[in-house]
Structures are given as C-alpha cells and as structure tokens.
Amino acid sequence: MSTPFRPVPAQEELATMQRRLQFQPVRNPQPRTLTPDQVEAYNRDGFVKPFSIFPDGEIAAIRAQFDRILEATLAAGGDSYSISTAHRRYGVAWDLLTEPRIVACVRDLLGDHVVGWGSHFFCKMPGDGKVVSWHQDSSYWPLSESKTVTVWLALDDADPENACMKFLPGTHVLGHITYRLSEEDEANVLNQTVEDIQQYGQPVYDALRAGQMSMHSDLLLHGSEANQSARRRCGLTLRYCSMDVRAGLDWNQKGVWVSGSDPTGHWANQPRPQE
C-alpha cells in the first residue's frame with residue numbers, strides 16, 4: 001500500500017516562524033487580463049473561475065506528457081499523488097508554471113513581481129477511494145504571509161462525478177482555522193482536517209473542462225471527495241506569491257521568477273530542467 005501524500009514541513013521551525021495568516025485583499029482598480037468583477041469575486045469569495053487557457057489540442061499534448069511521467073512514477077514505486085515540486089524535475093511543469101497566459105491572470109491578483117514556487121500533480125485514479133479533507137493550504141507552508149494564489153489546471157475534465165475540488169466561499173477572510181490531525185486516516189490524502197464544516201455554508205464545486213483553470217486563495221477552505229467513478233481526475237496545482245513573501249525551510253530555493261524580479265535575492269530563479 002502506498003503512503004498518502006503528507007505535505008508537512010518541519011513542525012518545530014514552522015511553529016516558531018512569524019507568519020501573518022490573514023487575507024490581504026487585492027487592490028487593483030485596472031487589471032490587465034482579469035475583469036474588475038473577477039478581481040472583486042476573488043476578494044469576496046476567495047476564488048475565481050473558470051478560465052479557458054489551453055484549447056483541446058494543446059491540453060491533449062500536455063496530458064500525454066503527464067501520462068508518461070505518471071507511468072514512470074508508478075513504475076518507480078510512487079503513487080499518483082507523489083509528483084510534487086514537479087517544475088524542478090520536469091520541463092513540462094516548468095513550462096506550465098511560467099506559461100504567459102496563466103501568469104497574466106495571476107499577476108492581476110499579486111502584482112508585477114511574482115515568483116512561482118510550487119507545482120504538484122493531484123491525480124485521482126478511477127475508484128481510488130481517497131478524499132482530500134477540508135483544509136487551508138497556508139496551514140502547511142513556511143511562508144511569512146498568506147499571499148499565495150493557487151492555480152488549479154485541469155488536465156482531465158473535472159466534475160462532481162469524478163471528485164472535482166470543492167470550495168467554501170468566503171472562508172478565506174476568517175484567518176487561520178483550527179484543524180485536527182488526520183495522519184492515521186489511510187483514506188485521506190492530507191493529514192489535516194477542518195471539522196464541523198456545515199457552519200461555513202454551502203460548498204461550490206470547481207467543475208472544469210480539461211484546459212481550464214481556477215484560482216484560489218491559500219486561506220480558502222477546500223477539499224474533494226473520493227473518486228468513485230470510472231474516469232480519472234487529474235489536475236496540476238501551480239503556486240505563486242508576490243516577491244515580498246519570505247520563505248523558511250529553504251523553500252525559497254523552489255522559486256522561479258515568472259514576472260518582474262527580486263532585488264533582495266531571497267527567491268531563487270531556477271532554470272528549466274532538461275527532462
């Protein structure tokens with residue numbers, strides 16, 4: 001049995017870091033790619049969707065590259081959730097992290113100086129039975145500010161039948177929410193679970209066609225159910241923050257400058273891998 005994905009940094013250092021876990025609204029009266037209504041929706045709901053980025057032919061070619069990566073990962077003993085920080089190893093992931101059509105959307109939420117630091121394939125195989133419990137991304141990350149935007153790019157069609165992601169609108173403004181550890185739950189991909197979720201309202205499904213993407217705040221409560229269908233559901237998460245965010249645990253070494261620059265030299269600017 002493969003070990004569930006556990007995105008936990010060293011807890012001692014994370015506990016001592018000075019982190020501002022509070023949503024900072026976007027102030028952008030003249031966005032260049034998004035509409036003002038989309039910026040307002042992000043501030044109000046904590047997410048905005050959908051954006052059609054890749055036409056059918058392009059996303060099919062990207063999916064084929066991922067299929068080869070997944071095949072090699074499984075052959076080496078990994079599982080479909082274990083392809084993390086993919087831009088440091090795979091050229092296709094680096095290309096997607098730096099894709100101008102994606103970066104243009106992110107830049108309207110984060111400003112002109114943006115670093116991409118995360119890329120993780122979340123691939124739910126048909127009938128895999130694993131849930132992603134309700135959680136906030138910022139709980140896991142050794143970052144000084146809650147100023148990360150996550151892009152969720154659909155490689156496969158994602159809908160409620162094959163366990164697309166779910167959001168709880170407006171929960172991003174609540175700050176850090178208490179969770180329980182769920183490390184012993186083999187059916188849970190993550191090890192943090194926010195409970196009593198009904199108090200936060202009704203979830204919204206992040207249904208996307210292959211080639212579309214959504215964007216959400218690192219403080220937004222989200223999760224997904226088990227894929228009980230006969231269809232795969234794969235998406236690539238791409239993580240971006242503004243250059244003024246500081247990273248602990250050497251996470252700054254994951255960085256790729258996707259817009260502007262970092263005059264402080266804190267964030268690395270990793271080159272494209274050859275593989």
# chains A, B, ... in the order shown; residues from 1 in each chain; ligands from 1
call {"tool": "residues_around", "arguments": {"residues": "Gly223 (chain A)", "least_positions_apart": "5", "cutoff": "10 Å", "atoms": "only C-alpha atoms", "output": "PDB file with N, CA and C atoms, in the first residue's frame"}}
result
ATOM      1  N   VAL A 131     -10.001  10.704  -0.244  1.00  0.00           N
ATOM      2  CA  VAL A 131     -10.535  12.055  -0.141  1.00  0.00           C
ATOM      3  C   VAL A 131      -9.393  13.027   0.124  1.00  0.00           C
ATOM      4  N   VAL A 132      -9.614  14.279  -0.226  1.00  0.00           N
ATOM      5  CA  VAL A 132      -8.766  15.382   0.231  1.00  0.00           C
ATOM      6  C   VAL A 132      -9.622  16.167   1.206  1.00  0.00           C
ATOM      7  N   SER A 133      -9.302  16.068   2.479  1.00  0.00           N
ATOM      8  CA  SER A 133     -10.157  16.636   3.520  1.00  0.00           C
ATOM      9  C   SER A 133     -10.173  18.163   3.445  1.00  0.00           C
ATOM     10  N   TRP A 134     -11.182  18.752   4.084  1.00  0.00           N
ATOM     11  CA  TRP A 134     -11.281  20.206   4.128  1.00  0.00           C
ATOM     12  C   TRP A 134     -10.060  20.781   4.836  1.00  0.00           C
ATOM     13  N   HIS A 135      -9.416  21.745   4.199  1.00  0.00           N
ATOM     14  CA  HIS A 135      -8.179  22.286   4.753  1.00  0.00           C
ATOM     15  C   HIS A 135      -7.908  23.670   4.170  1.00  0.00           C
ATOM     16  N   GLN A 136      -6.949  24.357   4.773  1.00  0.00           N
ATOM     17  CA  GLN A 136      -6.390  25.603   4.249  1.00  0.00           C
ATOM     18  C   GLN A 136      -4.935  25.346   3.872  1.00  0.00           C
ATOM     19  N   ALA A 163     -15.057  13.614  -8.679  1.00  0.00           N
ATOM     20  CA  ALA A 163     -14.470  14.211  -7.461  1.00  0.00           C
ATOM     21  C   ALA A 163     -13.647  15.464  -7.733  1.00  0.00           C
ATOM     22  N   CYS A 164     -14.255  16.421  -8.418  1.00  0.00           N
ATOM     23  CA  CYS A 164     -13.591  17.711  -8.586  1.00  0.00           C
ATOM     24  C   CYS A 164     -13.462  18.402  -7.222  1.00  0.00           C
ATOM     25  N   MET A 165     -12.658  19.431  -7.180  1.00  0.00           N
ATOM     26  CA  MET A 165     -12.442  20.185  -5.962  1.00  0.00           C
ATOM     27  C   MET A 165     -13.703  20.941  -5.554  1.00  0.00           C
ATOM     28  N   LYS A 166     -13.818  21.200  -4.245  1.00  0.00           N
ATOM     29  CA  LYS A 166     -14.925  21.973  -3.691  1.00  0.00           C
ATOM     30  C   LYS A 166     -14.360  23.139  -2.891  1.00  0.00           C
ATOM     31  N   PHE A 167     -15.022  24.292  -2.967  1.00  0.00           N
ATOM     32  CA  PHE A 167     -14.651  25.480  -2.211  1.00  0.00           C
ATOM     33  C   PHE A 167     -15.756  25.844  -1.227  1.00  0.00           C
ATOM     34  N   LEU A 168     -15.378  26.464  -0.118  1.00  0.00           N
ATOM     35  CA  LEU A 168     -16.338  27.082   0.792  1.00  0.00           C
ATOM     36  C   LEU A 168     -16.170  28.597   0.686  1.00  0.00           C
ATOM     37  N   LEU A 190      -4.409  14.028   2.785  1.00  0.00           N
ATOM     38  CA  LEU A 190      -3.723  15.000   3.636  1.00  0.00           C
ATOM     39  C   LEU A 190      -3.749  14.553   5.095  1.00  0.00           C
ATOM     40  N   THR A 193      -7.450  18.074   8.938  1.00  0.00           N
ATOM     41  CA  THR A 193      -8.869  18.073   8.611  1.00  0.00           C
ATOM     42  C   THR A 193      -9.579  19.127   9.441  1.00  0.00           C
ATOM     43  N   VAL A 194     -10.255  20.061   8.774  1.00  0.00           N
ATOM     44  CA  VAL A 194     -11.125  21.027   9.461  1.00  0.00           C
ATOM     45  C   VAL A 194     -12.495  20.378   9.598  1.00  0.00           C
ATOM     46  N   PRO A 203     -20.865  24.339   0.017  1.00  0.00           N
ATOM     47  CA  PRO A 203     -19.713  24.283  -0.893  1.00  0.00           C
ATOM     48  C   PRO A 203     -20.106  24.563  -2.336  1.00  0.00           C
ATOM     49  N   TYR A 205     -18.765  23.572  -6.214  1.00  0.00           N
ATOM     50  CA  TYR A 205     -17.903  22.648  -6.945  1.00  0.00           C
ATOM     51  C   TYR A 205     -17.071  23.402  -7.986  1.00  0.00           C
TER      52      TYR A 205
END
call {"tool": "select_by_dssp", "arguments": {"residues": "region 208-245 of chain A", "states": "strand (DSSP E)", "output": "PyMOL selection string"}}
result
chain A and resi 212-217+222-224+233-242
call {"tool": "residues_around", "arguments": {"residues": "Phe121 (chain A)", "least_positions_apart": "4", "cutoff": "12 Å", "atoms": "only C-alpha atoms", "output": "MDAnalysis selection string"}}
result
chainID A and resid 5 63 66:67 69:70 73 79:87 90 92:93 96 125 151:156 233:239
call {"tool": "closest_residue", "arguments": {"among": "A:Ser146, A:Thr171, A:Gln212, A:Ser259", "to": "Arg44 (chain A)", "atoms": "only C-alpha atoms"}}
result
A:Thr171
call {"tool": "select_by_dssp", "arguments": {"residues": "region 1-200 of chain A", "states": "alpha helix (DSSP H)", "output": "MDAnalysis selection string"}}
result
chainID A and resid 11:16 36:45 56:75 91:97 100:110
call {"tool": "write_last_selection", "arguments": {"atoms": "N, CA and C atoms", "output": "short mmCIF file (atom, residue, chain, number, x, y, z; two decimals), in the first residue's frame"}}
result
data_model
loop_
_atom_site.label_atom_id
_atom_site.label_comp_id
_atom_site.auth_asym_id
_atom_site.auth_seq_id
_atom_site.Cartn_x
_atom_site.Cartn_y
_atom_site.Cartn_z
N GLN A 11 7.85 20.70 11.80
CA GLN A 11 6.87 21.39 12.63
C GLN A 11 7.51 22.37 13.60
N GLU A 12 8.72 22.07 14.09
CA GLU A 12 9.35 22.96 15.06
C GLU A 12 9.63 24.33 14.44
N GLU A 13 10.22 24.33 13.22
CA GLU A 13 10.53 25.61 12.58
C GLU A 13 9.26 26.33 12.15
N LEU A 14 8.28 25.57 11.67
CA LEU A 14 7.02 26.19 11.27
C LEU A 14 6.36 26.87 12.45
N ALA A 15 6.42 26.24 13.63
CA ALA A 15 5.78 26.80 14.82
C ALA A 15 6.44 28.08 15.29
N THR A 16 7.74 28.24 15.02
CA THR A 16 8.46 29.43 15.50
C THR A 16 8.50 30.56 14.47
N PRO A 36 -12.56 43.74 -13.64
CA PRO A 36 -12.75 44.20 -12.26
C PRO A 36 -13.71 43.31 -11.48
N ASP A 37 -14.74 42.77 -12.13
CA ASP A 37 -15.68 41.87 -11.45
C ASP A 37 -14.98 40.59 -11.00
N GLN A 38 -14.04 40.09 -11.78
CA GLN A 38 -13.31 38.88 -11.38
C GLN A 38 -12.40 39.16 -10.18
N VAL A 39 -11.77 40.31 -10.16
CA VAL A 39 -10.96 40.69 -9.00
C VAL A 39 -11.85 40.81 -7.77
N GLU A 40 -13.01 41.42 -7.94
CA GLU A 40 -13.95 41.56 -6.82
C GLU A 40 -14.41 40.19 -6.33
N ALA A 41 -14.67 39.26 -7.25
CA ALA A 41 -15.10 37.92 -6.87
C ALA A 41 -14.01 37.21 -6.07
N TYR A 42 -12.75 37.37 -6.48
CA TYR A 42 -11.65 36.76 -5.73
C TYR A 42 -11.61 37.32 -4.30
N ASN A 43 -11.73 38.62 -4.17
CA ASN A 43 -11.72 39.22 -2.83
C ASN A 43 -12.90 38.76 -1.99
N ARG A 44 -14.05 38.65 -2.61
CA ARG A 44 -15.28 38.31 -1.87
C ARG A 44 -15.35 36.82 -1.53
N ASP A 45 -15.10 35.97 -2.54
CA ASP A 45 -15.33 34.54 -2.40
C ASP A 45 -14.06 33.75 -2.07
N ASP A 56 -8.25 22.29 -26.96
CA ASP A 56 -8.22 20.83 -26.85
C ASP A 56 -6.89 20.22 -27.30
N GLY A 57 -6.36 20.69 -28.41
CA GLY A 57 -5.13 20.11 -28.92
C GLY A 57 -3.95 20.32 -27.98
N GLU A 58 -3.84 21.50 -27.43
CA GLU A 58 -2.73 21.80 -26.51
C GLU A 58 -2.82 21.00 -25.23
N ILE A 59 -4.01 20.94 -24.64
CA ILE A 59 -4.12 20.22 -23.36
C ILE A 59 -3.95 18.73 -23.60
N ALA A 60 -4.34 18.22 -24.76
CA ALA A 60 -4.12 16.81 -25.05
C ALA A 60 -2.63 16.48 -25.10
N ALA A 61 -1.83 17.37 -25.68
CA ALA A 61 -0.38 17.16 -25.73
C ALA A 61 0.23 17.22 -24.34
N ILE A 62 -0.25 18.16 -23.50
CA ILE A 62 0.24 18.28 -22.12
C ILE A 62 -0.15 17.02 -21.33
N ARG A 63 -1.36 16.55 -21.53
CA ARG A 63 -1.82 15.35 -20.84
C ARG A 63 -0.96 14.14 -21.21
N ALA A 64 -0.60 14.04 -22.47
CA ALA A 64 0.24 12.92 -22.90
C ALA A 64 1.60 12.96 -22.21
N GLN A 65 2.17 14.16 -22.03
CA GLN A 65 3.44 14.26 -21.32
C GLN A 65 3.28 13.83 -19.86
N PHE A 66 2.16 14.26 -19.23
CA PHE A 66 1.93 13.84 -17.86
C PHE A 66 1.75 12.33 -17.77
N ASP A 67 1.05 11.74 -18.72
CA ASP A 67 0.84 10.29 -18.69
C ASP A 67 2.17 9.55 -18.66
N ARG A 68 3.15 10.05 -19.39
CA ARG A 68 4.47 9.40 -19.38
C ARG A 68 5.15 9.58 -18.02
N ILE A 69 5.01 10.76 -17.43
CA ILE A 69 5.58 10.99 -16.09
C ILE A 69 4.91 10.08 -15.07
N LEU A 70 3.60 9.97 -15.13
CA LEU A 70 2.88 9.13 -14.18
C LEU A 70 3.29 7.66 -14.33
N GLU A 71 3.41 7.20 -15.55
CA GLU A 71 3.82 5.80 -15.78
C GLU A 71 5.18 5.53 -15.15
N ALA A 72 6.12 6.46 -15.34
CA ALA A 72 7.46 6.28 -14.77
C ALA A 72 7.43 6.35 -13.24
N THR A 73 6.59 7.24 -12.70
CA THR A 73 6.49 7.38 -11.25
C THR A 73 5.93 6.11 -10.62
N LEU A 74 4.89 5.56 -11.20
CA LEU A 74 4.30 4.33 -10.68
C LEU A 74 5.27 3.16 -10.79
N ALA A 75 6.02 3.11 -11.89
CA ALA A 75 6.99 2.03 -12.08
C ALA A 75 8.11 2.09 -11.04
N GLY A 91 10.42 19.43 -17.45
CA GLY A 91 10.30 20.63 -18.27
C GLY A 91 8.87 21.04 -18.51
N VAL A 92 7.96 20.08 -18.67
CA VAL A 92 6.56 20.42 -18.93
C VAL A 92 5.96 21.17 -17.75
N ALA A 93 6.31 20.81 -16.52
CA ALA A 93 5.78 21.51 -15.35
C ALA A 93 6.37 22.92 -15.25
N TRP A 94 7.66 23.07 -15.54
CA TRP A 94 8.29 24.40 -15.55
C TRP A 94 7.61 25.28 -16.61
N ASP A 95 7.35 24.70 -17.77
CA ASP A 95 6.70 25.46 -18.84
C ASP A 95 5.30 25.92 -18.42
N LEU A 96 4.57 25.09 -17.70
CA LEU A 96 3.23 25.47 -17.26
C LEU A 96 3.30 26.51 -16.14
N LEU A 97 4.28 26.38 -15.25
CA LEU A 97 4.44 27.37 -14.17
C LEU A 97 4.72 28.75 -14.74
N PRO A 100 2.76 32.23 -20.05
CA PRO A 100 2.31 33.63 -20.01
C PRO A 100 0.81 33.79 -19.85
N ARG A 101 0.02 32.89 -20.43
CA ARG A 101 -1.44 33.02 -20.31
C ARG A 101 -1.91 32.79 -18.87
N ILE A 102 -1.20 31.95 -18.15
CA ILE A 102 -1.52 31.72 -16.74
C ILE A 102 -0.97 32.85 -15.88
N VAL A 103 0.28 33.21 -16.12
CA VAL A 103 0.92 34.26 -15.31
C VAL A 103 0.18 35.59 -15.43
N ALA A 104 -0.35 35.89 -16.60
CA ALA A 104 -1.08 37.15 -16.77
C ALA A 104 -2.28 37.24 -15.83
N CYS A 105 -2.95 36.13 -15.62
CA CYS A 105 -4.10 36.11 -14.69
C CYS A 105 -3.62 36.28 -13.25
N VAL A 106 -2.58 35.54 -12.88
CA VAL A 106 -2.06 35.59 -11.52
C VAL A 106 -1.54 36.99 -11.19
N ARG A 107 -0.87 37.61 -12.15
CA ARG A 107 -0.26 38.92 -11.92
C ARG A 107 -1.31 39.97 -11.54
N ASP A 108 -2.51 39.86 -12.06
CA ASP A 108 -3.56 40.82 -11.70
C ASP A 108 -3.99 40.69 -10.25
N LEU A 109 -3.67 39.55 -9.61
CA LEU A 109 -4.01 39.36 -8.20
C LEU A 109 -2.82 39.61 -7.27
N LEU A 110 -1.60 39.48 -7.78
CA LEU A 110 -0.41 39.55 -6.93
C LEU A 110 0.51 40.72 -7.22
#
call {"tool": "residues_around", "arguments": {"residues": "Trp257 (chain A)", "least_positions_apart": "3", "cutoff": "9 Å", "atoms": "only C-alpha atoms", "output": "MDAnalysis selection string"}}
result
chainID A and resid 98 113:117 243 260:262 267:270
call {"tool": "closest_residue", "arguments": {"among": "A:Val173, A:Gly127, A:Thr150, A:Ser242", "to": "Ala187 (chain A)", "atoms": "only C-alpha atoms"}}
result
A:Gly127
call {"tool": "atom_distance", "arguments": {"atom1": "CA of Gln30 (chain A)", "atom2": "CA of Ser144 (chain A)"}}
result
27.2 Å
call {"tool": "atom_distance", "arguments": {"atom1": "CA of Met213 (chain A)", "atom2": "CA of Asn162 (chain A)"}}
result
16.5 Å
call {"tool": "closest_residue", "arguments": {"among": "A:Pro271, A:Pro25, A:Pro142, A:Gly211", "to": "Phe47 (chain A)", "atoms": "only C-alpha atoms"}}
result
A:Pro25
call {"tool": "closest_residue", "arguments": {"among": "A:Tyr240, A:Lys130, A:Tyr200, A:Arg209", "to": "Ser224 (chain A)", "atoms": "only C-alpha atoms"}}
result
A:Lys130
call {"tool": "atom_distance", "arguments": {"atom1": "CA of Ala158 (chain A)", "atom2": "CA of Leu208 (chain A)"}}
result
5.2 Å
